[in-house]
Number of protein chains: 2
Amino acid sequence: MPVGVFDSGLGGLCALKELHKLLPDTELVYFGDTGRTPYGTRSPQTIMKYASQDAAFLMSRGVSAILVACGTVSTVALNALKISLPVPVYGVVSAASREAACFTKNGKIGVMGTGATIGSGVFEHELKLINGELEVTSVACPLLVPVVEYGFAEDEIAYLSVKKYLDPIIDAGADTVILGCTHFPILKNMMIKAAPHITFIDSGAAAAREIASAFSDGEGNGAIHCYVSDTPANFNKTAKVFLGEDFDFDVERVDIEKY
Amino acid sequence: MPVGVFDSGLGGLCALKELHKLLPDTELVYFGDTGRTPYGTRSPQTIMKYASQDAAFLMSRGVSAILVACGTVSTVALNALKISLPVPVYGVVSAASREAACFTKNGKIGVMGTGATIGSGVFEHELKLINGELEVTSVACPLLVPVVEYGFAEDEIAYLSVKKYLDPIIDAGADTVILGCTHFPILKNMMIKAAPHITFIDSGAAAAREIASAFSDGEGNGAIHCYVSDTPANFNKTAKVFLGEDFDFDVERVDIEKY
């Protein structure tokens, strides 16, 4: 049975890529809510509603587990999804928090995420559960999503934006930073340039590693089926930014408001 | 009877402000689709569907005319709205194009808008109808919307983004530029800094002037009722960016998918 992955947009494709690397024969179903992205600036009620519809669509495709490859949904709606769904649901918070708690040497951790993610305080809560003495500095970074989506990832604008958001984290002395939004790994080079002494944790990849360690590889053909809520016209181009060139998939539109 | 104004988000509040100035006694109803913003990066089909729902909501509030204070909807869905609605519908394209054609001295006009607006070619088409000899340079500027919405309007990031998008327009020798997205007037100071020799036309305000010249002022109390599709929690703060401090209105949430 396939594993389902969804995100508010296409950032979750990074996690999909990692999952395909770890479980190469397992069929994967991806849903990207491109008709309603971004989620990170919306209210918890709206995010909850959208997330339920996204998960209901994946369930209709017969998935055996769901990876919520979206920092915003993972922080705002994960428990609600876990309670309402008959399959295991994995978010990006717990895996990334454990990896960060493992990596830090000085106990100071930064968290970068969307407004909704940071506003929820979930990463901080999870990190304190792992180790109550960790010092956490959280920064909402809403501009980084459009900077990636509109093709400025290699521009000075990306560097200035990253630097602006990283400054309070650097000032706080963090040696490890969780990239709590699945778009942010695309800016990893800019982050390393702005703060070469910091270890950056890709939360989507961490979640993929968590799910891969819980499941044995399927006996399927490793096919990847992608679905989006807006037209798939530009999907191939944008998908390449996240997946790289050598990746086979098919893509179809789905009317998500029906779910 | 009230006049209705809608936008994909809150950018249309600039047009609302201009309309209130020109028709101070007319009741105004504003809808901002904050639960599904931005429109400018979505497909024509999706924009069409959202715009129909937005207009249907305003009709349910008994408006006598609709100002589409959104460059994207004005370029993609205006004719469909005009055909299907029993009240006059005003977009930002024709008024701004006429003002630009009037202002230019060298016949060279630039257009800045969202991806959907520029992709439609509607401003260019309208300008050529007014004067077939006008030279038009159009640039899609998707990053400017989040730069405004996430509070970077006064930052160097705004200046670099504006400059990057303005460069081909400056190179083409334009002396007049249409701001085809209702968010862009917020960046007018940055635009003037990057290109002090250019006249910038605020398309939302131009549309408000067009509607005000067609209607006499109402005999109402000039009340302003605002509706949004996400929670109104941050509405007051963001609204002040567009409206300024001295502006009275009430605000309510509406479930737009029901329209």
# chains A, B, ... in the order shown; residues from 1 in each chain; ligands from 1

call {"tool": "interface_residues", "arguments": {"of": "chain A", "to": "chain B", "cutoff": "7 Å", "atoms": "only C-alpha atoms", "output": "count of residues only"}}
result
14

call {"tool": "select_by_dssp", "arguments": {"residues": "segment 36-124 of chain B", "states": "strand (DSSP E)", "output": "MDAnalysis selection string"}}
result
chainID B and resid 65:68 89:90 108:113

call {"tool": "write_last_selection", "arguments": {"atoms": "N, CA and C atoms", "output": "compact mmCIF listing (two decimals), in the first residue's frame"}}
result
# COMPACT_ATOMS: atom_id res chain seq x y z
N ALA B 65 -23.24 48.34 -7.29
CA ALA B 65 -22.13 48.32 -8.24
C ALA B 65 -20.96 47.62 -7.57
N ILE B 66 -20.06 47.05 -8.38
CA ILE B 66 -18.90 46.35 -7.81
C ILE B 66 -17.62 46.91 -8.40
N LEU B 67 -16.70 47.26 -7.50
CA LEU B 67 -15.36 47.66 -7.92
C LEU B 67 -14.43 46.49 -7.65
N VAL B 68 -13.89 45.91 -8.72
CA VAL B 68 -12.94 44.81 -8.57
C VAL B 68 -11.56 45.41 -8.34
N VAL B 89 -19.91 46.48 -13.20
CA VAL B 89 -18.67 45.97 -12.60
C VAL B 89 -17.49 46.77 -13.15
N TYR B 90 -16.71 47.34 -12.27
CA TYR B 90 -15.56 48.15 -12.67
C TYR B 90 -14.26 47.46 -12.29
N LYS B 108 5.97 55.79 -24.01
CA LYS B 108 6.51 54.53 -23.50
C LYS B 108 5.99 54.27 -22.08
N ILE B 109 5.25 53.17 -21.93
CA ILE B 109 4.57 52.87 -20.68
C ILE B 109 5.01 51.53 -20.13
N GLY B 110 5.25 51.48 -18.83
CA GLY B 110 5.57 50.21 -18.17
C GLY B 110 4.35 49.72 -17.40
N VAL B 111 4.24 48.39 -17.26
CA VAL B 111 3.16 47.82 -16.45
C VAL B 111 3.78 46.83 -15.47
N MET B 112 3.50 47.00 -14.18
CA MET B 112 3.93 46.05 -13.15
C MET B 112 2.67 45.38 -12.59
N GLY B 113 2.71 44.05 -12.50
CA GLY B 113 1.54 43.34 -11.98
C GLY B 113 1.93 41.96 -11.47

call {"tool": "residues_around", "arguments": {"residues": "Met1 of chain B", "least_positions_apart": "5", "cutoff": "8 Å", "atoms": "only C-alpha atoms", "output": "list of chain:residue names"}}
result
B:Thr26, B:Glu27, B:Gly62, B:Val63, B:Ser64, B:Gly218, B:Gly220

call {"tool": "select_by_dssp", "arguments": {"residues": "segment 14-156 of chain A", "states": "helix (DSSP H, G or I)", "output": "tab-separated table (two decimals) with N, CA and C atoms, in the first residue's frame"}}
result
chain	number	residue	atom	x	y	z
A	14	CYS	N	10.67	17.91	-1.13
A	14	CYS	CA	11.98	17.57	-0.55
A	14	CYS	C	11.85	16.32	0.32
A	15	ALA	N	10.79	16.28	1.13
A	15	ALA	CA	10.57	15.13	2.00
A	15	ALA	C	10.21	13.90	1.16
A	16	LEU	N	9.43	14.11	0.11
A	16	LEU	CA	9.08	13.02	-0.81
A	16	LEU	C	10.34	12.40	-1.41
A	17	LYS	N	11.26	13.26	-1.80
A	17	LYS	CA	12.52	12.81	-2.41
A	17	LYS	C	13.31	11.94	-1.42
A	18	GLU	N	13.40	12.42	-0.18
A	18	GLU	CA	14.12	11.68	0.85
A	18	GLU	C	13.43	10.33	1.11
A	19	LEU	N	12.10	10.34	1.14
A	19	LEU	CA	11.34	9.11	1.39
A	19	LEU	C	11.56	8.11	0.26
A	20	HIS	N	11.57	8.59	-0.97
A	20	HIS	CA	11.78	7.72	-2.13
A	20	HIS	C	13.19	7.12	-2.11
A	21	LYS	N	14.14	7.89	-1.61
A	21	LYS	CA	15.53	7.41	-1.51
A	21	LYS	C	15.59	6.27	-0.49
A	22	LEU	N	14.85	6.42	0.62
A	22	LEU	CA	14.92	5.44	1.71
A	22	LEU	C	14.03	4.22	1.45
A	44	PRO	N	-5.54	29.29	12.54
A	44	PRO	CA	-5.60	27.86	12.89
A	44	PRO	C	-6.87	27.18	12.36
A	45	GLN	N	-8.03	27.86	12.44
A	45	GLN	CA	-9.28	27.25	11.97
A	45	GLN	C	-9.21	26.90	10.48
A	46	THR	N	-8.71	27.85	9.71
A	46	THR	CA	-8.62	27.64	8.26
A	46	THR	C	-7.60	26.53	7.95
A	47	ILE	N	-6.47	26.54	8.62
A	47	ILE	CA	-5.44	25.52	8.41
A	47	ILE	C	-6.01	24.14	8.74
A	48	MET	N	-6.76	24.04	9.83
A	48	MET	CA	-7.36	22.78	10.26
A	48	MET	C	-8.29	22.24	9.17
A	49	LYS	N	-9.12	23.10	8.65
A	49	LYS	CA	-10.08	22.69	7.61
A	49	LYS	C	-9.35	22.20	6.36
A	50	TYR	N	-8.37	22.98	5.91
A	50	TYR	CA	-7.63	22.60	4.70
A	50	TYR	C	-6.91	21.26	4.92
A	51	ALA	N	-6.28	21.10	6.09
A	51	ALA	CA	-5.52	19.88	6.37
A	51	ALA	C	-6.42	18.65	6.37
A	52	SER	N	-7.63	18.78	6.92
A	52	SER	CA	-8.57	17.65	6.94
A	52	SER	C	-8.91	17.23	5.52
A	53	GLN	N	-9.13	18.21	4.65
A	53	GLN	CA	-9.46	17.89	3.26
A	53	GLN	C	-8.28	17.23	2.55
A	54	ASP	N	-7.08	17.73	2.81
A	54	ASP	CA	-5.88	17.16	2.18
A	54	ASP	C	-5.71	15.69	2.59
A	55	ALA	N	-5.87	15.42	3.89
A	55	ALA	CA	-5.72	14.06	4.40
A	55	ALA	C	-6.84	13.16	3.86
A	56	ALA	N	-8.07	13.70	3.77
A	56	ALA	CA	-9.20	12.91	3.25
A	56	ALA	C	-8.93	12.50	1.80
A	57	PHE	N	-8.33	13.41	1.03
A	57	PHE	CA	-8.00	13.04	-0.35
A	57	PHE	C	-6.99	11.89	-0.38
A	58	LEU	N	-5.93	11.99	0.43
A	58	LEU	CA	-4.92	10.91	0.45
A	58	LEU	C	-5.56	9.59	0.89
A	59	MET	N	-6.43	9.63	1.89
A	59	MET	CA	-7.12	8.41	2.34
A	59	MET	C	-7.91	7.79	1.18
A	60	SER	N	-8.52	8.66	0.35
A	60	SER	CA	-9.30	8.15	-0.79
A	60	SER	C	-8.41	7.44	-1.81
A	71	GLY	N	5.32	22.23	7.76
A	71	GLY	CA	5.56	22.66	9.12
A	71	GLY	C	4.32	23.25	9.76
A	72	THR	N	3.58	24.02	8.98
A	72	THR	CA	2.40	24.70	9.51
A	72	THR	C	1.35	23.69	9.96
A	73	VAL	N	1.00	22.73	9.08
A	73	VAL	CA	-0.01	21.73	9.44
A	73	VAL	C	0.50	20.86	10.59
A	74	SER	N	1.79	20.51	10.56
A	74	SER	CA	2.36	19.67	11.61
A	74	SER	C	2.24	20.32	12.98
A	75	THR	N	2.27	21.64	13.02
A	75	THR	CA	2.22	22.31	14.31
A	75	THR	C	0.79	22.65	14.72
A	76	VAL	N	-0.08	22.88	13.74
A	76	VAL	CA	-1.42	23.37	14.08
A	76	VAL	C	-2.45	22.24	14.12
A	78	LEU	N	-1.81	18.54	13.64
A	78	LEU	CA	-1.38	17.13	13.64
A	78	LEU	C	-2.19	16.26	14.59
A	79	ASN	N	-2.44	16.74	15.79
A	79	ASN	CA	-3.20	15.92	16.74
A	79	ASN	C	-4.61	15.65	16.24
A	80	ALA	N	-5.24	16.66	15.68
A	80	ALA	CA	-6.60	16.48	15.14
A	80	ALA	C	-6.59	15.41	14.05
A	81	LEU	N	-5.56	15.43	13.20
A	81	LEU	CA	-5.47	14.42	12.13
A	81	LEU	C	-5.24	13.03	12.73
A	82	LYS	N	-4.35	12.94	13.73
A	82	LYS	CA	-4.05	11.65	14.36
A	82	LYS	C	-5.31	11.04	14.96
A	83	ILE	N	-6.12	11.88	15.59
A	83	ILE	CA	-7.34	11.40	16.25
A	83	ILE	C	-8.37	10.92	15.22
A	84	SER	N	-8.46	11.63	14.09
A	84	SER	CA	-9.56	11.34	13.16
A	84	SER	C	-9.22	10.31	12.08
A	93	VAL	N	7.60	17.86	13.31
A	93	VAL	CA	8.08	18.46	14.55
A	93	VAL	C	8.92	17.51	15.40
A	94	SER	N	8.38	16.32	15.68
A	94	SER	CA	9.07	15.46	16.64
A	94	SER	C	10.41	14.97	16.10
A	95	ALA	N	10.43	14.54	14.83
A	95	ALA	CA	11.69	14.02	14.26
A	95	ALA	C	12.76	15.10	14.24
A	96	ALA	N	12.39	16.30	13.77
A	96	ALA	CA	13.37	17.38	13.68
A	96	ALA	C	13.84	17.82	15.07
A	97	SER	N	12.92	17.82	16.03
A	97	SER	CA	13.30	18.23	17.39
A	97	SER	C	14.29	17.25	17.98
A	98	ARG	N	14.04	15.94	17.78
A	98	ARG	CA	14.99	14.94	18.31
A	98	ARG	C	16.36	15.08	17.66
A	99	GLU	N	16.38	15.29	16.33
A	99	GLU	CA	17.68	15.44	15.67
A	99	GLU	C	18.41	16.69	16.18
A	100	ALA	N	17.67	17.78	16.37
A	100	ALA	CA	18.30	19.02	16.84
A	100	ALA	C	18.85	18.85	18.26
A	101	ALA	N	18.06	18.20	19.12
A	101	ALA	CA	18.49	17.98	20.51
A	101	ALA	C	19.75	17.12	20.54
A	102	CYS	N	19.88	16.25	19.55
A	102	CYS	CA	21.02	15.35	19.41
A	102	CYS	C	22.26	16.12	18.92
A	103	PHE	N	22.05	17.03	17.98
A	103	PHE	CA	23.16	17.74	17.32
A	103	PHE	C	23.77	18.84	18.19
A	115	GLY	N	4.66	31.98	10.15
A	115	GLY	CA	3.99	32.66	11.25
A	115	GLY	C	3.16	31.72	12.10
A	116	ALA	N	2.39	30.84	11.44
A	116	ALA	CA	1.51	29.92	12.16
A	116	ALA	C	2.34	28.93	12.99
A	117	THR	N	3.43	28.42	12.41
A	117	THR	CA	4.29	27.45	13.11
A	117	THR	C	4.89	28.07	14.36
A	118	ILE	N	5.49	29.23	14.20
A	118	ILE	CA	6.16	29.87	15.34
A	118	ILE	C	5.12	30.30	16.37
A	119	GLY	N	3.99	30.85	15.88
A	119	GLY	CA	2.92	31.28	16.77
A	119	GLY	C	2.39	30.16	17.66
A	120	SER	N	2.42	28.93	17.14
A	120	SER	CA	1.89	27.78	17.90
A	120	SER	C	2.81	27.38	19.06
A	122	VAL	N	4.93	25.07	19.10
A	122	VAL	CA	5.01	23.61	19.21
A	122	VAL	C	6.44	23.07	19.22
A	123	PHE	N	7.31	23.65	18.38
A	123	PHE	CA	8.70	23.19	18.37
A	123	PHE	C	9.34	23.41	19.74
A	124	GLU	N	9.11	24.60	20.30
A	124	GLU	CA	9.67	24.93	21.61
A	124	GLU	C	9.17	23.93	22.66
A	125	HIS	N	7.86	23.66	22.63
A	125	HIS	CA	7.25	22.72	23.56
A	125	HIS	C	7.89	21.34	23.43
A	126	GLU	N	8.04	20.87	22.19
A	126	GLU	CA	8.61	19.53	21.92
A	126	GLU	C	10.07	19.46	22.39
A	127	LEU	N	10.84	20.52	22.10
A	127	LEU	CA	12.25	20.53	22.50
A	127	LEU	C	12.39	20.52	24.02
A	128	LYS	N	11.50	21.25	24.71
A	128	LYS	CA	11.56	21.30	26.18
A	128	LYS	C	11.17	19.94	26.78
A	129	LEU	N	10.29	19.21	26.08
A	129	LEU	CA	9.93	17.87	26.55
A	129	LEU	C	11.13	16.93	26.49
A	130	ILE	N	11.92	17.07	25.40
A	130	ILE	CA	13.11	16.23	25.22
A	130	ILE	C	14.16	16.58	26.27
A	144	LEU	N	10.37	34.10	3.49
A	144	LEU	CA	11.24	33.11	2.83
A	144	LEU	C	10.48	32.20	1.87
A	145	VAL	N	9.19	31.94	2.14
A	145	VAL	CA	8.41	31.07	1.23
A	145	VAL	C	8.30	31.71	-0.16
A	146	PRO	N	7.79	32.95	-0.28
A	146	PRO	CA	7.74	33.55	-1.63
A	146	PRO	C	9.12	33.78	-2.24
A	147	VAL	N	10.13	34.06	-1.43
A	147	VAL	CA	11.48	34.24	-1.98
A	147	VAL	C	11.89	32.96	-2.74
A	148	VAL	N	11.56	31.79	-2.19
A	148	VAL	CA	11.86	30.52	-2.87
A	148	VAL	C	10.92	30.34	-4.07
A	149	GLU	N	9.62	30.52	-3.84
A	149	GLU	CA	8.64	30.20	-4.88
A	149	GLU	C	8.76	31.09	-6.11
A	156	GLU	N	20.56	38.20	-4.00
A	156	GLU	CA	20.96	38.92	-2.79
A	156	GLU	C	19.76	39.14	-1.87
